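Quick look at data04.txt (compact mmCIF, C-alpha atoms):
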# COMPACT_ATOMS: atom_id res chain seq x y z
CA MET A 1 -22.61 52.61 3.47
CA GLY A 2 -22.28 49.99 0.75
CA ARG A 3 -24.64 47.16 0.11
CA ARG A 4 -24.47 44.23 2.55
CA HIS A 5 -25.93 40.87 1.87
CA ARG A 6 -25.47 37.35 3.18
CA ILE A 7 -25.35 34.16 1.16
CA THR A 8 -25.81 30.86 2.97
CA TRP A 9 -25.04 27.46 1.48
CA VAL A 10 -26.28 24.34 3.22
CA LEU A 11 -24.59 20.98 2.63
CA VAL A 12 -26.48 17.87 3.68
CA ALA A 13 -24.30 14.84 3.07
CA ALA A 14 -25.03 11.17 3.55
CA CYS A 15 -23.72 7.99 1.98
CA ALA A 16 -23.94 4.27 2.52
CA LEU A 17 -23.82 3.70 6.27
CA ALA A 18 -24.07 7.45 6.90
CA VAL A 19 -26.56 9.74 8.55
CA ALA A 20 -27.51 13.04 6.97
CA ILE A 21 -25.71 15.80 8.88
CA PRO A 22 -26.03 19.50 7.95
CA ALA A 23 -22.98 21.65 7.32
CA ILE A 24 -23.25 25.38 6.92
CA ALA A 25 -21.01 27.47 4.67
CA THR A 26 -21.48 31.25 4.77
CA ALA A 27 -20.14 34.07 2.66
CA THR A 28 -20.63 37.73 3.45
CA THR A 29 -20.16 40.62 1.00
CA THR A 30 -19.87 44.22 2.12
CA GLY A 31 -19.85 47.08 -0.36
CA GLY A 32 -18.77 44.79 -3.18
CA ALA A 33 -15.62 43.57 -1.33
CA ALA A 34 -15.84 39.84 -0.60
CA ALA A 35 -14.80 38.44 2.75
CA ALA A 36 -15.69 34.76 3.13
CA THR A 37 -15.74 32.28 5.95
CA VAL A 38 -16.61 28.79 4.78
CA VAL A 39 -17.49 26.07 7.25
CA ASP A 40 -17.55 22.36 6.57
CA THR A 41 -18.05 19.22 8.64
CA PHE A 42 -17.02 15.64 9.17
CA ALA A 43 -20.05 13.53 10.09
CA PRO A 44 -20.33 10.02 11.57
CA ALA A 45 -21.54 6.90 9.82
CA SER A 46 -24.32 4.87 11.38
CA SER A 47 -27.38 3.97 9.33
CA PRO A 48 -27.01 1.08 6.84
CA ALA A 49 -30.12 2.27 5.03
CA ALA A 50 -28.99 5.83 4.37
CA ARG A 51 -28.97 7.05 0.76
CA VAL A 52 -26.68 9.47 -1.01
CA ILE A 53 -28.43 12.85 -0.81
CA ALA A 54 -25.61 15.32 -1.30
CA PHE A 55 -25.49 18.92 -2.45
CA LYS A 56 -21.91 20.09 -2.73
CA PRO A 57 -21.16 23.83 -2.98
CA ARG A 58 -18.03 25.07 -4.71
CA TYR A 59 -16.13 26.94 -2.03
CA GLY A 60 -14.43 30.21 -2.86
CA PHE A 61 -11.62 29.86 -0.31
CA GLN A 62 -8.15 31.42 -0.37
CA ARG A 63 -4.90 29.52 -0.02
CA TRP A 64 -2.75 30.25 3.01
CA PRO A 65 0.21 32.55 2.29
CA GLY A 66 3.67 31.52 3.43
CA ARG A 67 4.94 28.13 4.58
CA THR A 68 3.38 27.79 8.05
CA ILE A 69 0.00 27.85 9.75
CA THR A 70 0.32 28.53 13.46
CA TYR A 71 -2.21 26.80 15.70
CA TRP A 72 -3.22 26.70 19.34
CA ASP A 73 -4.74 23.56 20.84
CA ALA A 74 -7.35 24.65 23.38
CA SER A 75 -9.08 21.25 23.31
CA ARG A 76 -8.90 18.28 25.64
CA GLU A 77 -7.89 16.01 22.74
CA ARG A 78 -4.13 16.55 22.91
CA ILE A 79 -3.20 13.08 21.61
CA ALA A 80 -5.59 13.37 18.68
CA VAL A 81 -4.36 16.85 17.76
CA MET A 82 -0.69 15.85 17.97
CA ARG A 83 -1.24 12.78 15.78
CA ALA A 84 -3.31 14.68 13.23
CA VAL A 85 -0.82 17.55 12.98
CA ALA A 86 2.10 15.11 12.71
CA ALA A 87 0.37 13.24 9.89
CA TRP A 88 0.04 16.40 7.76
CA ASN A 89 3.53 17.63 8.64
CA ARG A 90 5.09 14.28 7.61
CA SER A 91 3.08 14.04 4.39
CA GLY A 92 5.56 15.94 2.20
CA LEU A 93 3.34 19.02 1.92
CA ARG A 94 5.36 22.24 1.74
CA ILE A 95 3.20 24.14 4.22
CA LYS A 96 3.39 23.03 7.89
CA PHE A 97 1.29 23.37 11.01
CA VAL A 98 3.36 24.94 13.80
CA ARG A 99 2.31 25.30 17.42
CA ALA A 100 1.99 28.96 18.39
CA ARG A 101 3.36 30.55 21.57
CA SER A 102 -0.16 31.50 22.64
CA ALA A 103 -3.76 31.53 21.47
CA ARG A 104 -3.43 35.24 20.67
CA ALA A 105 -0.49 34.54 18.35
CA ALA A 106 -2.15 31.60 16.58
CA GLN A 107 -3.83 31.71 13.19
CA LEU A 108 -5.87 28.57 13.93
CA ILE A 109 -7.64 27.65 17.16
CA ILE A 110 -8.59 24.02 17.83
CA ARG A 111 -11.16 23.98 20.59
CA ASN A 112 -13.91 22.07 22.32
CA SER A 113 -17.38 23.18 21.41
CA ARG A 114 -20.91 21.85 21.27
CA ASP A 115 -21.18 23.51 17.87
CA VAL A 116 -20.53 20.25 16.01
CA PRO A 117 -22.84 18.25 13.73
CA ASN A 118 -23.56 15.20 15.86
CA GLY A 119 -21.74 14.95 19.19
CA CYS A 120 -18.26 13.68 19.91
CA GLY A 121 -16.49 12.15 16.96
CA THR A 122 -17.69 14.91 14.63
CA GLY A 123 -16.21 18.30 13.86
CA ILE A 124 -16.60 21.61 12.06
CA ALA A 125 -13.95 23.90 10.57
CA THR A 126 -13.35 27.00 8.51
CA VAL A 127 -12.12 26.26 4.99
CA GLY A 128 -8.97 27.95 3.70
CA TYR A 129 -7.17 31.10 4.76
CA VAL A 130 -8.68 33.39 7.37
CA ALA A 131 -7.00 36.80 7.53
CA SER A 132 -5.95 38.43 10.81
CA PRO A 133 -7.39 39.59 13.17
CA ARG A 134 -9.91 36.80 12.63
CA LYS A 135 -8.85 33.20 13.26
CA ALA A 136 -9.48 29.91 11.56
CA ILE A 137 -11.24 27.46 13.86
CA ILE A 138 -11.75 23.76 14.33
CA ASN A 139 -14.53 22.69 16.69
CA ILE A 140 -14.59 19.20 18.20
CA LEU A 141 -16.54 17.84 21.13
CA SER A 142 -14.83 15.88 23.90
CA ASP A 143 -16.77 13.35 25.96
CA PRO A 144 -15.34 12.92 29.48
CA THR A 145 -16.78 9.37 29.68
CA PRO A 146 -16.43 8.04 26.12
CA ASP A 147 -18.02 4.67 25.47
CA LYS A 148 -17.50 4.44 21.73
CA GLN A 149 -14.48 4.58 19.47
CA ALA A 150 -15.61 7.75 17.68
CA CYS A 151 -15.22 9.56 21.05
CA GLY A 152 -11.81 8.02 21.79
CA TRP A 153 -8.51 9.29 20.49
CA PRO A 154 -8.56 7.19 17.26
CA GLY A 155 -11.88 8.63 16.09
CA GLN A 156 -10.95 12.13 17.24
CA THR A 157 -7.60 11.88 15.42
CA LEU A 158 -9.39 11.17 12.14
CA VAL A 159 -11.81 14.04 12.78
CA VAL A 160 -9.06 16.57 13.57
CA ALA A 161 -6.96 15.46 10.58
CA HIS A 162 -10.03 15.76 8.34
CA GLU A 163 -10.78 19.26 9.66
CA LEU A 164 -7.15 20.27 9.15
CA GLY A 165 -7.68 19.27 5.53
CA HIS A 166 -10.55 21.75 5.36
CA VAL A 167 -8.36 24.44 6.95
CA LEU A 168 -5.90 23.85 4.09
CA GLY A 169 -8.75 24.30 1.63
CA LEU A 170 -9.69 20.73 0.78
CA GLY A 171 -13.34 19.84 0.28
CA HIS A 172 -15.17 16.55 0.64
CA VAL A 173 -14.46 13.74 -1.81
CA GLU A 174 -16.87 10.82 -1.86
CA ARG A 175 -15.16 8.60 -4.44
CA GLY A 176 -12.61 6.14 -3.14
CA CYS A 177 -10.82 5.86 0.18
CA ARG A 178 -9.94 9.38 1.34
CA LEU A 179 -9.52 11.09 4.67
CA MET A 180 -11.69 13.78 3.07
CA ASN A 181 -14.69 11.43 2.73
CA SER A 182 -17.58 13.24 4.41
CA SER A 183 -18.28 10.46 6.91
CA PHE A 184 -16.50 7.67 8.73
CA VAL A 185 -17.38 4.31 10.20
CA GLU A 186 -17.55 4.21 14.00
CA GLY A 187 -14.27 6.05 14.53
CA ILE A 188 -12.44 3.32 12.59
CA ALA A 189 -11.91 4.66 9.07
CA PRO A 190 -13.34 7.00 6.45
CA MET A 191 -16.41 5.58 4.75
CA GLY A 192 -14.73 4.93 1.41
CA CYS A 193 -12.02 2.83 3.07
CA VAL A 194 -14.56 0.25 4.27
CA THR A 195 -15.52 -1.90 1.29
CA ASP A 196 -16.08 -5.37 2.78
CA ASN A 197 -19.30 -5.62 4.77
CA SER A 198 -19.12 -9.35 5.56
CA GLU A 199 -19.43 -10.53 9.15
CA ASP A 200 -15.78 -11.63 9.23
CA ALA A 201 -14.63 -8.22 7.98
CA TYR A 202 -16.82 -6.52 10.57
CA ILE A 203 -15.13 -8.52 13.32
CA ASP A 204 -11.68 -7.85 11.86
CA ARG A 205 -12.37 -4.09 11.98
CA LYS A 206 -13.20 -4.17 15.68
CA ALA A 207 -10.50 -2.62 17.88
CA THR A 208 -8.62 -1.25 14.84
CA TRP A 209 -8.30 2.17 13.27
CA ARG A 210 -6.99 3.70 10.04
CA CYS A 211 -3.61 4.70 11.48
CA ARG A 212 -2.34 5.69 8.04
CA ILE A 213 -4.65 8.73 8.55
CA LEU A 214 -3.84 10.43 5.24
CA GLU A 215 -4.32 8.67 1.92
CA PRO A 216 -2.03 9.51 -1.02
CA ALA A 217 -4.95 11.14 -2.87
CA ASP A 218 -5.51 13.54 0.06
CA VAL A 219 -1.85 14.58 0.00
CA ARG A 220 -1.84 14.97 -3.79
CA ALA A 221 -4.80 17.34 -3.54
CA ALA A 222 -3.00 19.45 -0.92
CA VAL A 223 0.28 19.40 -2.89
CA ARG A 224 -1.58 20.85 -5.88
CA LEU A 225 -2.47 23.83 -3.66
CA TYR A 226 0.79 24.33 -1.76
CA GLY A 227 3.52 22.32 -3.49
CA GLY A 228 5.69 19.58 -2.06
CA VAL A 229 5.95 15.83 -2.64
CA VAL A 230 3.74 12.88 -1.76
CA ARG A 231 5.82 10.79 0.62
CA PRO A 232 5.37 7.00 0.87
CA VAL A 233 2.62 5.84 3.23
CA ARG A 234 2.32 2.86 5.55
CA VAL A 235 1.97 -0.42 3.63
CA ASN A 236 -0.53 -1.68 6.21
CA PRO A 237 -3.03 1.17 6.62
CA ASN A 238 -4.64 -0.21 9.80
CA CYS A 239 -3.39 -0.69 13.36
CA ASN A 240 -4.69 -2.78 16.23
CA LEU A 241 -5.86 -0.96 19.34
CA VAL A 242 -5.72 -4.14 21.44
CA ALA A 243 -2.94 -6.75 21.41
CA PRO A 244 -4.09 -10.18 20.20
CA LEU A 245 -4.64 -12.84 22.84
CA ALA A 246 -1.67 -15.10 23.44
CA ALA A 247 -1.94 -18.68 22.28
CA PRO A 248 -3.26 -20.99 25.00
CA THR A 249 -0.94 -23.57 26.53
CA LEU A 250 -1.88 -27.07 25.34
CA THR A 251 -0.85 -30.59 26.34
CA ALA A 252 -2.10 -33.93 25.00
CA VAL A 253 -1.59 -37.31 26.74
CA TRP A 254 -2.77 -40.78 25.73
CA ASN A 255 -4.97 -42.40 28.38
CA PRO A 256 -4.56 -46.19 27.95
CA VAL A 257 -7.18 -46.99 30.57
CA ASP A 258 -10.06 -45.09 28.97
CA LEU A 259 -8.55 -45.34 25.44
CA ARG A 260 -8.73 -41.64 24.80
CA VAL A 261 -6.58 -38.54 24.52
CA ASP A 262 -6.69 -36.30 27.61
CA LEU A 263 -6.13 -32.63 26.79
CA THR A 264 -5.25 -29.76 29.11
CA ILE A 265 -5.68 -26.23 27.76
CA GLN A 266 -4.78 -23.08 29.66
CA HIS A 267 -6.90 -19.94 29.38
CA PRO A 268 -4.50 -17.07 28.48
CA ALA A 269 -4.55 -13.73 30.27
CA SER A 270 -7.29 -11.33 29.16
CA GLN A 271 -6.54 -8.18 27.18
CA THR A 272 -6.44 -4.63 28.52
CA ILE A 273 -9.27 -2.78 26.78
CA ALA A 274 -9.62 1.02 26.64
CA PRO A 275 -12.96 2.40 27.87
CA PHE A 276 -13.96 3.62 24.41
CA LEU A 277 -13.74 0.02 23.10
CA ARG A 278 -15.72 -1.72 25.80
CA THR A 279 -19.08 -1.53 24.07
CA ARG A 280 -17.51 -3.39 21.11
CA ALA A 281 -16.11 -6.12 23.35
CA ASP A 282 -19.52 -7.75 23.56
CA ARG A 283 -18.67 -11.46 23.49
CA GLU A 284 -17.41 -14.09 25.91
CA GLU A 285 -13.80 -15.25 25.60
CA ARG A 286 -13.72 -18.64 23.86
CA PHE A 287 -11.36 -21.23 22.42
CA GLU A 288 -11.32 -23.51 19.38
CA LEU A 289 -9.59 -26.91 19.25
CA HIS A 290 -8.65 -28.83 16.10
CA ARG A 291 -7.42 -32.42 15.57
CA SER A 292 -5.57 -33.44 12.42
CA GLN A 293 -3.52 -36.51 11.47
CA ASN A 294 0.23 -36.30 10.75
CA THR A 295 0.24 -32.49 10.33
CA CYS A 296 -0.96 -29.63 12.51
CA ALA A 297 -3.85 -27.38 11.48
CA THR A 298 -2.73 -23.84 10.63
CA GLU A 299 -6.13 -22.27 9.94
CA HIS A 300 -9.00 -21.71 12.31
CA SER A 301 -12.62 -21.72 11.21
CA THR A 302 -14.38 -18.60 9.93
CA ARG A 303 -17.98 -17.81 9.14
CA GLU A 304 -17.09 -18.08 5.47
CA ASN A 305 -15.20 -21.36 5.96
CA PRO A 306 -16.85 -23.14 8.91
CA PHE A 307 -16.16 -26.68 7.74
CA LEU A 308 -12.61 -27.17 8.96
CA PRO A 309 -12.06 -30.34 11.04
CA THR A 310 -12.82 -28.74 14.40
CA LEU A 311 -12.82 -31.02 17.43
CA VAL A 312 -14.28 -28.35 19.73
CA PRO A 313 -15.96 -25.42 17.92
CA PRO A 314 -15.56 -21.95 19.45
CA THR A 315 -16.66 -22.63 23.02
CA THR A 316 -16.86 -20.40 26.10
CA TRP A 317 -14.20 -21.12 28.70
CA THR A 318 -15.23 -22.69 31.98
CA ALA A 319 -11.80 -21.93 33.46
CA PRO A 320 -10.92 -18.32 34.39
CA PRO A 321 -7.87 -16.62 32.79
CA GLY A 322 -4.63 -18.25 33.91
CA SER A 323 -6.32 -21.55 34.84
CA THR A 324 -6.49 -24.82 32.93
CA GLN A 325 -9.44 -26.64 31.45
CA ALA A 326 -9.68 -30.38 30.72
CA GLU A 327 -10.99 -31.80 27.44
CA SER A 328 -10.88 -35.33 26.09
CA ASP A 329 -10.99 -36.99 22.67
CA ALA A 330 -12.04 -40.61 22.21
CA GLY A 331 -12.21 -40.34 18.43
CA ALA A 332 -8.50 -40.51 17.57
CA GLY A 333 -7.51 -43.88 16.07
CA PRO A 334 -3.99 -45.33 15.89
CA GLY A 335 -1.39 -43.02 14.37
CA THR A 336 0.19 -39.60 14.84
CA TRP A 337 -2.17 -36.78 15.74
CA CYS A 338 -1.73 -33.06 16.22
CA TYR A 339 -4.03 -30.92 18.30
CA SER A 340 -4.17 -27.15 17.62
CA ALA A 341 -5.81 -24.57 19.87
CA TRP A 342 -6.73 -20.91 19.40
CA ALA A 343 -8.08 -18.42 21.92
CA VAL A 344 -10.91 -16.09 20.81
CA ASP A 345 -11.24 -12.67 22.46
CA THR A 346 -14.26 -10.60 23.47
CA PHE A 347 -14.28 -8.90 20.05
CA GLY A 348 -14.67 -12.31 18.36
CA LYS A 349 -11.09 -12.23 17.04
CA PHE A 350 -8.78 -15.23 17.08
CA GLY A 351 -5.56 -14.64 18.99
CA ARG A 352 -1.99 -15.63 18.26
CA GLY A 353 -1.28 -19.24 17.62
CA PRO A 354 -2.15 -21.87 17.33
CA ALA A 355 -0.72 -23.74 20.29
CA THR A 356 -0.02 -27.32 19.23
CA ALA A 357 0.54 -30.69 20.87
CA THR A 358 1.44 -33.92 19.02
CA LEU A 359 1.19 -37.52 20.22
CA VAL A 360 1.09 -41.08 18.90
CA VAL A 361 -1.99 -43.16 19.59
CA PRO A 362 -0.88 -46.83 19.80
CA GLU A 363 -2.59 -49.77 18.18
CA SER A 364 -5.21 -51.27 20.45
CA PRO A 365 -4.08 -54.58 21.96
CA PRO A 366 -5.83 -57.62 20.48
CA ALA A 367 -8.76 -58.99 22.40
CA ALA A 368 -7.89 -61.89 24.76

Can you present the structure in this file as structure tokens?
Amino acid sequence: MGRRHRITWVLVAACALAVAIPAIATATTTGGAAAATVVDTFAPASSPAARVIAFKPRYGFQRWPGRTITYWDASRERIAVMRAVAAWNRSGLRIKFVRARSARAAQLIIRNSRDVPNGCGTGIATVGYVASPRKAIINILSDPTPDKQACGWPGQTLVVAHELGHVLGLGHVERGCRLMNSSFVEGIAPMGCVTDNSEDAYIDRKATWRCRILEPADVRAAVRLYGGVVRPVRVNPNCNLVAPLAAPTLTAVWNPVDLRVDLTIQHPASQTIAPFLRTRADREERFELHRSQNTCATEHSTRENPFLPTLVPPTTWTAPPGSTQAESDAGAGPGTWCYSAWAVDTFGKFGRGPATATLVVPESPPAA
């Protein structure tokens, strides 16, 4: 019997906003003939204080022969798998993922397993070609009661697409915005795609995900292995997971008795929020009301620009959705005035709008 030895590589990767998660890559040699199974991971981002502590092995994988990789989805993440497979198949890459007739006939098995780095929203996969009768694998963990985006279909789609990249033979890339970054931010996007850490940007990222999935650099790397072309990608790389709130209904009437403007603002219907987003919807619904002379305000306030002429700063509704709320303004002098109103959702995002109402405040009659 020939010599048999086992070489184990351990990859511990962390970057800004990432936790250190181990990934194991193993290679086994028997009698001088090499047969390798390399395993890599996609880990979640969480800790703002984490440092880069990465050791990156050079994987000795083989490219897949032929033009197809047959797969069998044995997971409970059907939407995520379909989206991830479709993203690679539309990318322009010459090799395609094709659903097999059965698990026995498949070259790749995508399955649920607890053998993942850090719970749902993380995954593990073999890297490169795995010869029959063995099978390439992707492990993901499904959570039957997900309460975070990484466990919902957006986060799982990014994980499966990332692991499919490993199956093709791609390794981790930490520079720039790539699907093959080794970590991602809360099921929203790969780490390198999140560059603005301001409070406003944090709120803007809530209830969104990187629906582009593949970045051009990821496809270029795969094309170098298998041929093909890099097809154009979405101009806007991100998609909303919740529709913006409708603009509130607003009316403004001059009250000659009390010499003020009486305003009526209607609370728009609330959004439908998926369970995996509910922990991010951690604010009360609010509204913001502006008054401006001659022209209507087109911009609402932000944390970086809080000094707009706001009549009523973001304020919690007292009226339930679908009902009206009364406000008044005794500060408008003679002239033409426009009132603008925005609704603010439970993620802290301003909705569609603004709703506007214009009126003329008359000159006050002279004293008798």

Open item on the list: Which residues are near Asp262 of chain A? Cut-off 9 Å, only C-alpha atoms, ignore same chain within fewer than 3 positions. Put them as a list in words.
Closed with: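 Returned residues: Thr251, Ala252, Val253, Trp254, Asn255, Ala326, Glu327, Ser328, Asp329 and Ala330 of chain A.
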
Task: Protein and nucleic acid residues near (-6.4, 29.5, 13.2) (cut-off 7 Å, all atoms listed in the file) as JSON, numbers by chain - done: {"A": [70, 71, 106, 107, 108, 109, 135, 136, 137]}

Would you save the residues from that selection as a short mmCIF file (atom, residue, chain, number, x, y, z; two decimals), keeping the file's coordinate frame, using C-alpha atoms?
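Listing of result.cif after writing:
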data_model
loop_
_atom_site.label_atom_id
_atom_site.label_comp_id
_atom_site.auth_asym_id
_atom_site.auth_seq_id
_atom_site.Cartn_x
_atom_site.Cartn_y
_atom_site.Cartn_z
CA THR A 70 0.32 28.53 13.46
CA TYR A 71 -2.21 26.80 15.70
CA ALA A 106 -2.15 31.60 16.58
CA GLN A 107 -3.83 31.71 13.19
CA LEU A 108 -5.87 28.57 13.93
CA ILE A 109 -7.64 27.65 17.16
CA LYS A 135 -8.85 33.20 13.26
CA ALA A 136 -9.48 29.91 11.56
CA ILE A 137 -11.24 27.46 13.86
#

Within 7 Å of (-13.9, -10.1, 28.6) (file coordinates; only C-alpha atoms), which protein or nucleic acid residues are there? I'd like them as a PDB file with C-alpha atoms, in the coordinates of the input.
ATOM      1  CA  SER A 270      -7.290 -11.330  29.160  1.00  0.00           C
ATOM      2  CA  ALA A 281     -16.110  -6.120  23.350  1.00  0.00           C
ATOM      3  CA  GLU A 284     -17.410 -14.090  25.910  1.00  0.00           C
ATOM      4  CA  GLU A 285     -13.800 -15.250  25.600  1.00  0.00           C
ATOM      5  CA  THR A 346     -14.260 -10.600  23.470  1.00  0.00           C
TER       6      THR A 346
END

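Between atom CA of Leu225 of chain A and atom CA of Leu93 of chain A the separation is 9.4 Å.
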
Task: Proximity to Tyr129 of chain A - best of A:Phe184, A:Trp64, A:Phe97, A:Trp72, all atoms listed in the file - done: A:Trp64

Open item on the list: Report, in Å to a single decimal, how far apart atom CA of Thr316 of chain A and atom CA of Glu186 of chain A are.
Closed with: 27.4 Å

Open item on the list: Under the rule that only C-alpha atoms are counted, which of A:Arg175, A:Arg63, A:Arg291, A:Lys349 is the nearest residue to Glu199 of chain A?
Closed with: A:Lys349

Open item on the list: Let me make sure I understand: among A:Glu77, A:Asp143, A:Glu174, A:Asp345, which one has the smallest atom-to-atom distance to Pro268 of chain A if we use all atoms listed in the file?
Closed with: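 Residue with the minimum atom-to-atom distance to Pro268 of chain A: A:Asp345.
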
- [ ] Go ahead and compute the interatomic distance for atom CA of Ser323 of chain A and atom CA of Ala246 of chain A, in Å to one decimal.
- [x]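 Separation between atom CA of Ser323 of chain A and atom CA of Ala246 of chain A: 13.9 Å.
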
Open item on the list: Residues near Cys151 of chain A, anyone? I mean within 8 Å using only C-alpha atoms, not counting same-chain ones fewer than 6 positions away, as a PyMOL selection string.
Closed with: chain A and resi 120-121+142-143+187+276

Task: Contacts of Val344 of chain A within 12 Å, all atoms listed in the file, excl. fewer than 2 positions in-chain, as a ChimeraX atom specification - done: /A:203,244-248,267-271,281,283-289,300-302,313-317,341-342,346-354

Task: Shortest interatomic distance to Ile69 of chain A - which of A:Arg104, A:Arg99, A:Arg224, A:Arg231, counting all atoms listed in the file - done: A:Arg99

Task: Pick from A:Arg76, A:Arg94, A:Arg178, A:Arg205 nearest to Val223 of chain A, counting all atoms listed in the file - done: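 The closest residue to Val223 of chain A is A:Arg94.
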
Task: Selection: 6 Å around segment 156-172 of chain A, all atoms listed in the file, excl. self and same-chain fewer than 4 positions, as number ranges by chain - done: A: 80, 84, 121, 125-128, 179-182

Written file, previous selection with C-alpha atoms, as a PDB file, in the frame of the given file:
ATOM      1  CA  ALA A  80      -5.590  13.370  18.680  1.00  0.00           C
ATOM      2  CA  ALA A  84      -3.310  14.680  13.230  1.00  0.00           C
ATOM      3  CA  GLY A 121     -16.490  12.150  16.960  1.00  0.00           C
ATOM      4  CA  ALA A 125     -13.950  23.900  10.570  1.00  0.00           C
ATOM      5  CA  THR A 126     -13.350  27.000   8.510  1.00  0.00           C
ATOM      6  CA  VAL A 127     -12.120  26.260   4.990  1.00  0.00           C
ATOM      7  CA  GLY A 128      -8.970  27.950   3.700  1.00  0.00           C
ATOM      8  CA  LEU A 179      -9.520  11.090   4.670  1.00  0.00           C
ATOM      9  CA  MET A 180     -11.690  13.780   3.070  1.00  0.00           C
ATOM     10  CA  ASN A 181     -14.690  11.430   2.730  1.00  0.00           C
ATOM     11  CA  SER A 182     -17.580  13.240   4.410  1.00  0.00           C
TER      12      SER A 182
END
